[in-house]
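*Asks:* Once you've had a glance at the structure underneath, I'll fire off some questions.
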Number of protein chains: 2
Amino acid sequence: MATAETVRVIFRPAGRSARVPKGTLLTAAANQIGVPIEQVCGGKGTCGKCKVRLLSGTLSPVGPAESRHLSSDELAAGYRLACQAAALSDVSVEVAWASAAAGVSILVEGLLEPMPLEPIVEKMVVQVPRASLEDQVGDYEALLRVLPPSAGQPPRPSLSTLRELPAAVRAADGLVTVVHADGLLVSVEQGDTRDALYGFACDIGTTTVVGYLLDLNTGKRLSVASTLNPQTRFGDDVVSRIEVAQRSAEGLESLRQTIVEAINDLIGQACAEAGVPRERIHALSIVGNTCMHHLFLGLSPAALGRSPYVPVVAGPLQLDAIEAGLRAHPSAQLFVLPNIAGFVGADTVGVLLATRLLHKEGVRLAIDIGTNGEMALGSRERMVACSTAAGPAFEGAQLTHGMRAADGAIDHVDLGEDGQIQVHSIGRGKVRGICGSGAVDAIAGLRRLGIIDATGRLLSREEVGTLRGDHLAERIVPHAHGGAFVLVPAEQTAIGGPVLLTQRDIRQIQLAKGAIRAGIEILMAELGVGPEDVVEVCLAGAFGNYIRPESALTIGLIPRFPRAPIVPVGNAAGAGAQMVLLSRQAWREAATITGQVEYVELSLRRDFQQVFMQAMEME
Amino acid sequence: MATAETVRVIFRPAGRSARVPKGTLLTAAANQIGVPIEQVCGGKGTCGKCKVRLLSGTLSPVGPAESRHLSSDELAAGYRLACQAAALSDVSVEVAWASAAAGVSILVEGLLEPMPLEPIVEKMVVQVPRASLEDQVGDYEALLRVLPPSAGQPPRPSLSTLRELPAAVRAADGLVTVVHADGLLVSVEQGDTRDALYGFACDIGTTTVVGYLLDLNTGKRLSVASTLNPQTRFGDDVVSRIEVAQRSAEGLESLRQTIVEAINDLIGQACAEAGVPRERIHALSIVGNTCMHHLFLGLSPAALGRSPYVPVVAGPLQLDAIEAGLRAHPSAQLFVLPNIAGFVGADTVGVLLATRLLHKEGVRLAIDIGTNGEMALGSRERMVACSTAAGPAFEGAQLTHGMRAADGAIDHVDLGEDGQIQVHSIGRGKVRGICGSGAVDAIAGLRRLGIIDATGRLLSREEVGTLRGDHLAERIVPHAHGGAFVLVPAEQTAIGGPVLLTQRDIRQIQLAKGAIRAGIEILMAELGVGPEDVVEVCLAGAFGNYIRPESALTIGLIPRFPRAPIVPVGNAAGAGAQMVLLSRQAWREAATITGQVEYVELSLRRDFQQVFMQAMEME
């Protein structure tokens, strides 16, 4: 069999190329490799939108449609209509990018470098030809005629798209805006609605749920809404919710409905604030730890709760949002980020997406500290990850006067060499307790003054008196929890007594930081790197934002990496969720992250107990 | 780049072949081209189910798993395990077909020749490996490991499948039955449930809705349920329902809900009769005329009702049944047959599927007579189709004593040369009226005796007396509708008067048959064939089953084709719906029928009026 002669068509500035039979139209070559060229008229040569400029090579002679739509100056400069010009040799053409999104870069909180904006749902304006008695084409088939072919298959229409279709194609004289995502026809709207393209990204935390309404045309965040995860009424931590879900199908269903309703409320709030009808949201994304992921989807988390701690599904999911119970456009698509393992969930995938550690040279560490500490260490060469049960101490729970980072909470403590104590609390009211970052600061300060020793023991009043004098020794008071240090005297608090840091509190923080530190040490051992090899530490999450790097180092939460700055990256998990809506590339990357990251199961490490004991120590 | 040496693997008896790198396992070669080989253990060599026999060529040496599972006699005869044996040269192997469906042919009512049974949903038993701390694979990912790869892409899981998954893989020690359809994972059931594989096919008629519950393993029909289309309370015919739907969105939604509920009831009835839980139905199919199709899916039929009479969608649709409101397994797939044009709907596609006219040499005619007459004429070379508004006369409506083909309806009339009249009615009670086939018989008989002339005029009592004597002349009575013929005298009826055939009745039947006949004549002209070219006439639908071919010829409903037998094919539309469930090939064919059939719009034919006038005449 003789093969047809082929030529190569290179599209600038993207630089992508297609090999096609000689004589192929440029639009067909572009469609073959997915290079977006605007074709409002469906390739009839009547809209003039598919203008390109010939850089090198030979195209077919200029035709009548091109003479009509291009000025003589344009023709002289090499401009052509891609739907009319065929490649007769290897050619290079420059595409005049017309898409609203083209060339825009985005930077969301937690994202360390800008990415090209390339939303996961796209809008395209086409002119649907009218049917006639001579050509009784169905509405959907008429639309297909003017849609650029996508990988051979016509786009799959959702039922709601078909329901919208007859009115849409008859309203604005056949001019419609097609909303599509990955081969699915999500919606058809009458007229040109490209200005309106919205997405909603949601980060389901064990404690807090945050939703971001995004303008997908600009990458701008229009509004943010957050709420306490109402599942907390079933239990504060992951384990107690797993128990509820495991006990009965109704328990699981209640947990599912609770979070779905909360997210629907957040969608409503965020939309109201931005003045966007929720029906205009065509894409949604979800991140969360593996348990939150499962409860949201109504998947049993039972197997997460017992060895070998496996999820129902790790891979990424694209669903109809309505199938998961979310209320937006009836055919809106929901993108659920993948999990890495039972306790390294989609939230960590979000962190890795946002920090792009998998694309970088040089070993970097990302830590997301919550009730569980999830961490990943590595580079584009190799990435290992693990999860450790830090417990809720860093969130302020289980401390004698612990509380969340809310009004009245001590969030920073400065202990000077002279024994001066400066306490900073959140809000304007009197002090009510201490949150995680405050406790870490206090312990670090006391450690620097020697009032806590390297094993975590709080010195007695006598010892402190000898070491630092009466001024500080007076702060040491007896307490059932093994003695305590008075952070704020009774008369300055709102709780009718002093705010204390007890010996037990110190142990709790030690246990929590020991777990995290042990995870880091084991990941370093697993990867075979030393402290000098690490070039960056990304601290994700609220605690990561509040904590002072120096204090974290002093208590030994993080090893001293001589070359690595500590960079708080904010809610990187939420940033990852936003990124998959703003960038198809990010979604494709998310799908591969699960396979690229090696999960390290700490319970399999014989050395874990020893490393953990060591990790409890302070500098 | 050096290319690996490839070899060809031929699978008998199917005769399909795969080209693969030398050293490829036979199971991998089979998976590549979709040849089904049972692999319960997922290719570990532990189940022994993938037995094949080497016919020619060289395989890798017999391994330990094969020695364990194959007797020395089997080994001597060339038996091997496909999951252990690799092709070292071009080989030909015989597959021991283990699938329950393999090799079975099916013949449903309306289907003229048997087709191989190859259900559109399939079940496959696999052994899902257990996760361990060393290998914390998610349930879904563990399942993927043992599923044969389908065209490179892992099957898409439905959310309900993921919800079923954790319990299913833990119940029967990892042995599960996977239900899949076209790359979609519809369900995962614990243990081996291959015995239970059910489908429900539904034919939505304007007047009657029929549902068929099928055992997809055997092709057997387990039960049939039918009901009047409850949409009739919105109007008897298509046009009045289009008006209701057009008037308001609520009207369309009421029509949609009405038919969806009716079908859900039919599913319930059919399942109860057969003792099959509706949740075990994994596949459903729908045929109907274009309007019924649209109303069922909630698509506006407004454009069907005015020129240029276009549908919202013509092509085939695969949907989640639940999206259309049908209650079966939560992830059951719904296959909606395509439409050809605004008035040649999925029902005609069903008729063409069942009669397989598009696969045959020789011009054949298929007619489905209802309120609209839809007909197709042609062969594998070319097929033309049209629709004519016959009106409801053939269904007994609009006749003076017309009624449906129910108890008390005259369905057959014999008029002897001697003037003897024999009337047959349905059921045991007294005569109450006449249905379509009875009226056609009566008119044909009267025409043969000359009592009706070729223009359709009923002779006067005097004329009949002269022609046939007093015995028949007495039957001619005066009537406001232009005179009448007494079919059954008053004393023999249940209606307190005689059952008559009036001059107006004759005109109504003439109009109806004229429309059908004109359609046939125009299709013949369009195709350029004469009566002698037609080799078969397929009469579909209830009326087609009741009507006597000779009477249809006498009144000129159908031309006399010298070579064509008239074959009643029953509810061929319903048969087509059943076929797509029983045969993937039928579903693929359905998708192409729309493009293969040329629709002839009668209103564009200038000669239509003339042909129609001529078609009113009788022999």
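Lettering and numbering for the structure tokens are positional, with chains as A, B, ... in the shown order, residues counted from 1 in each chain, and ligands counted from 1 in the shown order.
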Could you give me, as a ChimeraX atom specification, the residues within 12 Å of Gly416 of chain A, counting only C-alpha atoms and dropping anything in the same chain fewer than 4 positions from it?
*Replies:* /A:420-423,441-442,444-449,468,472
*Asks:* Write a file of the selected residues as a CSV table (one decimal), in the first residue's frame, keeping C-alpha atoms.
*Replies:*
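Contents of result29.csv, freshly written:
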```csv
chain,number,residue,atom,x,y,z
A,420,GLN,CA,11.2,39.7,79.9
A,421,ILE,CA,8.0,37.9,78.7
A,422,GLN,CA,5.9,39.4,75.8
A,423,VAL,CA,2.7,37.6,75.0
A,441,ASP,CA,7.0,29.7,70.9
A,442,ALA,CA,6.8,29.4,74.7
A,444,ALA,CA,11.2,27.3,72.4
A,445,GLY,CA,11.8,30.4,74.5
A,446,LEU,CA,12.0,28.4,77.8
A,447,ARG,CA,14.3,26.0,76.1
A,448,ARG,CA,16.6,28.8,75.0
A,449,LEU,CA,16.8,30.1,78.6
A,468,ARG,CA,17.8,32.9,85.9
A,472,LEU,CA,11.5,33.9,86.3
```
*Asks:* List as a VMD selection string the protein and nucleic acid residues near segment 218-234 of chain A, meaning an atom at most 6 Å away when only C-alpha atoms are counted, but skip any in the same chain fewer than 2 places from it.
*Replies:* chain A and resid 106 207 to 216 236 266 270 274
*Asks:* Could you write out the selected residues, including C-alpha atoms, as a tab-separated table (two decimals), in the first residue's frame?
*Replies:*
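Wrote it out as again.tsv, contents follow:
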```
chain	number	residue	atom	x	y	z
A	106	ILE	CA	-2.02	32.65	37.44
A	207	THR	CA	-11.99	20.71	61.18
A	208	THR	CA	-12.53	23.45	58.59
A	209	VAL	CA	-14.05	23.49	55.12
A	210	VAL	CA	-13.02	26.26	52.74
A	211	GLY	CA	-14.51	27.02	49.33
A	212	TYR	CA	-13.10	29.31	46.64
A	213	LEU	CA	-15.19	30.76	43.82
A	214	LEU	CA	-12.97	31.37	40.82
A	215	ASP	CA	-13.32	33.32	37.60
A	216	LEU	CA	-11.80	30.78	35.25
A	236	ASP	CA	-13.50	15.76	66.36
A	266	LEU	CA	-20.53	27.43	50.93
A	270	ALA	CA	-19.52	32.40	47.78
A	274	ALA	CA	-19.69	37.53	44.10
```
*Asks:* Please report as JSON lines every residue of chain B lying within 6 Å of chain A, along with the nearest atom pair and their distance in Å (one decimal), using only C-alpha atoms.
*Replies:*
```
{"residue": "B:Ser132", "atom": "CA", "partner": "A:Pro308", "partner_atom": "CA", "distance": 5.2}
{"residue": "B:Leu133", "atom": "CA", "partner": "A:Pro308", "partner_atom": "CA", "distance": 4.8}
{"residue": "B:Gln136", "atom": "CA", "partner": "A:Val310", "partner_atom": "CA", "distance": 5.5}
{"residue": "B:Gly138", "atom": "CA", "partner": "A:Pro311", "partner_atom": "CA", "distance": 4.8}
{"residue": "B:Asp139", "atom": "CA", "partner": "A:Val312", "partner_atom": "CA", "distance": 4.7}
{"residue": "B:Tyr140", "atom": "CA", "partner": "A:Val313", "partner_atom": "CA", "distance": 5.0}
{"residue": "B:Arg163", "atom": "CA", "partner": "A:Leu299", "partner_atom": "CA", "distance": 5.0}
{"residue": "B:Leu299", "atom": "CA", "partner": "A:Arg163", "partner_atom": "CA", "distance": 5.0}
{"residue": "B:Pro308", "atom": "CA", "partner": "A:Leu133", "partner_atom": "CA", "distance": 4.8}
{"residue": "B:Val310", "atom": "CA", "partner": "A:Gly138", "partner_atom": "CA", "distance": 5.3}
{"residue": "B:Pro311", "atom": "CA", "partner": "A:Gly138", "partner_atom": "CA", "distance": 4.8}
{"residue": "B:Val312", "atom": "CA", "partner": "A:Asp139", "partner_atom": "CA", "distance": 4.7}
{"residue": "B:Val313", "atom": "CA", "partner": "A:Tyr140", "partner_atom": "CA", "distance": 5.0}
{"residue": "B:Ala314", "atom": "CA", "partner": "A:Gly138", "partner_atom": "CA", "distance": 5.8}
```
*Asks:* Save the residues we just selected, C-alpha atoms, as a compact mmCIF listing (two decimals), in the first residue's frame?
*Replies:*
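See result_37.txt below for the written result:
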```txt
# COMPACT_ATOMS: atom_id res chain seq x y z
CA SER B 132 -1.00 -5.59 52.89
CA LEU B 133 1.13 -3.16 54.81
CA GLN B 136 -1.37 -0.70 50.56
CA GLY B 138 -6.66 0.88 47.16
CA ASP B 139 -9.60 -1.44 46.52
CA TYR B 140 -10.26 0.02 43.09
CA ARG B 163 -19.57 2.55 47.08
CA LEU B 299 -36.38 17.11 25.33
CA PRO B 308 -38.60 21.81 9.07
CA VAL B 310 -36.25 18.51 13.27
CA PRO B 311 -35.39 16.49 16.36
CA VAL B 312 -33.19 17.77 19.19
CA VAL B 313 -30.91 14.79 18.72
CA ALA B 314 -30.91 11.97 16.21
```
*Asks:* Using the chain letters and numbers from this document, which residues of segment 242-483 of chain A does DSSP assign to strand (DSSP E), as a PyMOL selection string?
*Replies:* chain A and resi 281-288+317-320+333-336+363-369+373-378+383-388+409-415+421-425+433-434+476-477
*Asks:* Return the Cα root-mean-square deviation, in Å, for chain A superposed on chain B by least squares with the Cα atoms paired in order.
*Replies:*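 The optimal C-alpha superposition leaves an RMSD of 0.5 Å.
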*Asks:* Neighbouring residues of Val95 of chain B were defined as those with any atom within 7 Å, considering only C-alpha atoms; residues of the same chain fewer than 5 positions away were excluded. Please report them as a list of chain:residue names.
*Replies:*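 So the residues in contact are B:Phe11, B:Arg12, B:Val52, B:Arg53.
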*Asks:* Applying 9 Å and only C-alpha atoms, which residues near Thr348 of chain B remain after dropping the ones on its own chain fewer than 3 positions away? List them as a list in words.
*Replies:*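 Close residues of Thr348 of chain B: Val287, Gly288, Asn289, Asn339, Ile340, Val344, Gly345, Val351, Leu352, Leu353, Ala366, Ile367, Asp368, Glu374, Met375, Ala376, Ala572, Ala573 and Gly576 of chain B.
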*Asks:* Calculated over only C-alpha atoms, which of the candidates A:Glu589, A:Glu66, A:Glu279, A:Asp533 has the smallest distance to Ser379 of chain A?
*Replies:*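 Of A:Glu589, A:Glu66, A:Glu279, A:Asp533, the one nearest Ser379 of chain A, counting only C-alpha atoms, is A:Asp533.
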*Asks:* Any idea what's packed within 6 Å of segment 179-190 of chain A, counting only C-alpha atoms, ignoring anything in its chain fewer than 2 positions away? Could you give it as a CSV table (one decimal) with N, CA and C atoms, in the first residue's frame?
*Replies:*
```csv
chain,number,residue,atom,x,y,z
A,121,VAL,N,-12.6,23.6,32.2
A,121,VAL,CA,-13.8,23.7,31.3
A,121,VAL,C,-13.5,24.9,30.4
A,122,GLU,N,-14.0,24.7,29.2
A,122,GLU,CA,-13.7,25.8,28.2
A,122,GLU,C,-15.0,26.2,27.5
A,123,LYS,N,-15.0,27.4,27.1
A,123,LYS,CA,-16.1,27.9,26.3
A,123,LYS,C,-15.7,28.2,24.9
A,155,PRO,N,-18.1,14.9,20.9
A,155,PRO,CA,-18.2,15.1,22.4
A,155,PRO,C,-19.5,14.4,22.8
A,156,ARG,N,-19.5,13.8,24.0
A,156,ARG,CA,-20.6,13.2,24.6
A,156,ARG,C,-21.5,14.2,25.2
A,157,PRO,N,-22.8,14.3,24.8
A,157,PRO,CA,-23.7,15.3,25.4
A,157,PRO,C,-24.3,14.8,26.7
A,161,THR,N,-27.6,19.0,28.7
A,161,THR,CA,-27.2,19.8,27.5
A,161,THR,C,-28.3,19.6,26.4
A,168,ALA,N,-31.6,27.1,23.0
A,168,ALA,CA,-30.3,27.8,22.8
A,168,ALA,C,-30.1,28.1,21.3
A,176,VAL,N,-24.3,30.2,19.6
A,176,VAL,CA,-24.3,29.6,20.9
A,176,VAL,C,-22.9,29.5,21.5
A,177,THR,N,-22.8,29.4,22.8
A,177,THR,CA,-21.6,29.2,23.5
A,177,THR,C,-21.6,27.8,24.0
A,331,SER,N,-25.1,19.9,34.8
A,331,SER,CA,-24.1,19.0,34.2
A,331,SER,C,-22.7,19.4,34.7
```
*Asks:* Let's see if you can do this: from backbone DSSP, list all alpha helix (DSSP H) residues in segment 286-441 of chain B, as a VMD selection string.
*Replies:* chain B and resid 290 to 297 346 to 355 436 to 441
*Asks:* Print the selection's residues with N, CA and C atoms to a file, as a short mmCIF file (atom, residue, chain, number, x, y, z; two decimals), in the first residue's frame.
*Replies:*
```cif
data_model
loop_
_atom_site.label_atom_id
_atom_site.label_comp_id
_atom_site.auth_asym_id
_atom_site.auth_seq_id
_atom_site.Cartn_x
_atom_site.Cartn_y
_atom_site.Cartn_z
N THR B 290 -39.97 9.51 17.29
CA THR B 290 -39.13 10.62 17.72
C THR B 290 -39.78 11.43 18.83
N CYS B 291 -41.09 11.60 18.75
CA CYS B 291 -41.77 12.40 19.78
C CYS B 291 -41.76 11.67 21.12
N MET B 292 -42.06 10.38 21.13
CA MET B 292 -42.04 9.62 22.39
C MET B 292 -40.62 9.63 22.97
N HIS B 293 -39.64 9.46 22.12
CA HIS B 293 -38.22 9.54 22.50
C HIS B 293 -37.93 10.86 23.21
N HIS B 294 -38.39 11.96 22.60
CA HIS B 294 -38.11 13.28 23.18
C HIS B 294 -38.84 13.47 24.51
N LEU B 295 -40.10 13.08 24.55
CA LEU B 295 -40.87 13.30 25.77
C LEU B 295 -40.30 12.47 26.92
N PHE B 296 -39.86 11.27 26.62
CA PHE B 296 -39.27 10.42 27.65
C PHE B 296 -38.00 11.04 28.23
N LEU B 297 -37.21 11.66 27.35
CA LEU B 297 -35.94 12.24 27.81
C LEU B 297 -36.10 13.68 28.31
N ALA B 346 -36.74 6.22 16.42
CA ALA B 346 -35.98 5.07 16.89
C ALA B 346 -36.76 3.79 16.66
N ASP B 347 -38.10 3.88 16.60
CA ASP B 347 -38.87 2.66 16.36
C ASP B 347 -38.55 2.08 14.98
N THR B 348 -38.38 2.97 14.00
CA THR B 348 -38.01 2.49 12.67
C THR B 348 -36.60 1.92 12.67
N VAL B 349 -35.71 2.53 13.45
CA VAL B 349 -34.38 1.96 13.59
C VAL B 349 -34.49 0.55 14.15
N GLY B 350 -35.38 0.39 15.14
CA GLY B 350 -35.60 -0.93 15.71
C GLY B 350 -36.08 -1.92 14.66
N VAL B 351 -37.00 -1.49 13.82
CA VAL B 351 -37.51 -2.37 12.75
C VAL B 351 -36.37 -2.75 11.81
N LEU B 352 -35.55 -1.78 11.45
CA LEU B 352 -34.45 -2.08 10.52
C LEU B 352 -33.41 -2.99 11.17
N LEU B 353 -33.20 -2.80 12.47
CA LEU B 353 -32.28 -3.69 13.19
C LEU B 353 -32.80 -5.11 13.17
N ALA B 354 -34.11 -5.26 13.46
CA ALA B 354 -34.69 -6.60 13.60
C ALA B 354 -34.79 -7.27 12.24
N THR B 355 -35.16 -6.51 11.21
CA THR B 355 -35.33 -7.14 9.90
C THR B 355 -34.00 -7.24 9.16
N GLY B 436 -59.44 -1.97 12.95
CA GLY B 436 -58.80 -1.65 11.67
C GLY B 436 -58.76 -2.83 10.70
N SER B 437 -58.27 -3.99 11.20
CA SER B 437 -58.12 -5.11 10.28
C SER B 437 -59.48 -5.59 9.78
N GLY B 438 -60.52 -5.50 10.65
CA GLY B 438 -61.88 -5.88 10.23
C GLY B 438 -62.39 -4.95 9.14
N ALA B 439 -62.17 -3.67 9.31
CA ALA B 439 -62.64 -2.71 8.32
C ALA B 439 -61.94 -2.95 6.98
N VAL B 440 -60.63 -3.23 7.03
CA VAL B 440 -59.89 -3.48 5.79
C VAL B 440 -60.43 -4.73 5.11
N ASP B 441 -60.68 -5.79 5.91
CA ASP B 441 -61.26 -7.02 5.37
C ASP B 441 -62.61 -6.76 4.71
#
```
*Asks:* Could you give me, as a list in words, the residues within 8 Å of Ala245 of chain B, counting only C-alpha atoms and dropping anything in the same chain fewer than 3 positions from it?
*Replies:*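 After dropping sequence-adjacent residues, the list is Arg241, Ile242, Ser248, Ala249, Glu250, Gly251, Leu252, Glu253, Leu255, Ser300, Pro301 and Ala302 of chain B.
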*Asks:* How far is it from atom CA of Gly23 of chain A to atom CA of Glu74 of chain A, in Å with one decimal?
*Replies:*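 Between atom CA of Gly23 of chain A and atom CA of Glu74 of chain A the gap is 22.6 Å.
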*Asks:* Between atom CA of Arg560 of chain A and atom CA of Phe612 of chain A, what distance in Å does the model show, to one decimal?
*Replies:*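 A separation of 17.0 Å between them.
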*Asks:* When you draw a straight line from atom CA of Val535 of chain B to atom CA of Leu117 of chain B, how long is it in Å?
*Replies:*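 So the two atoms, atom CA of Val535 of chain B and atom CA of Leu117 of chain B, lie 28.2 Å apart.
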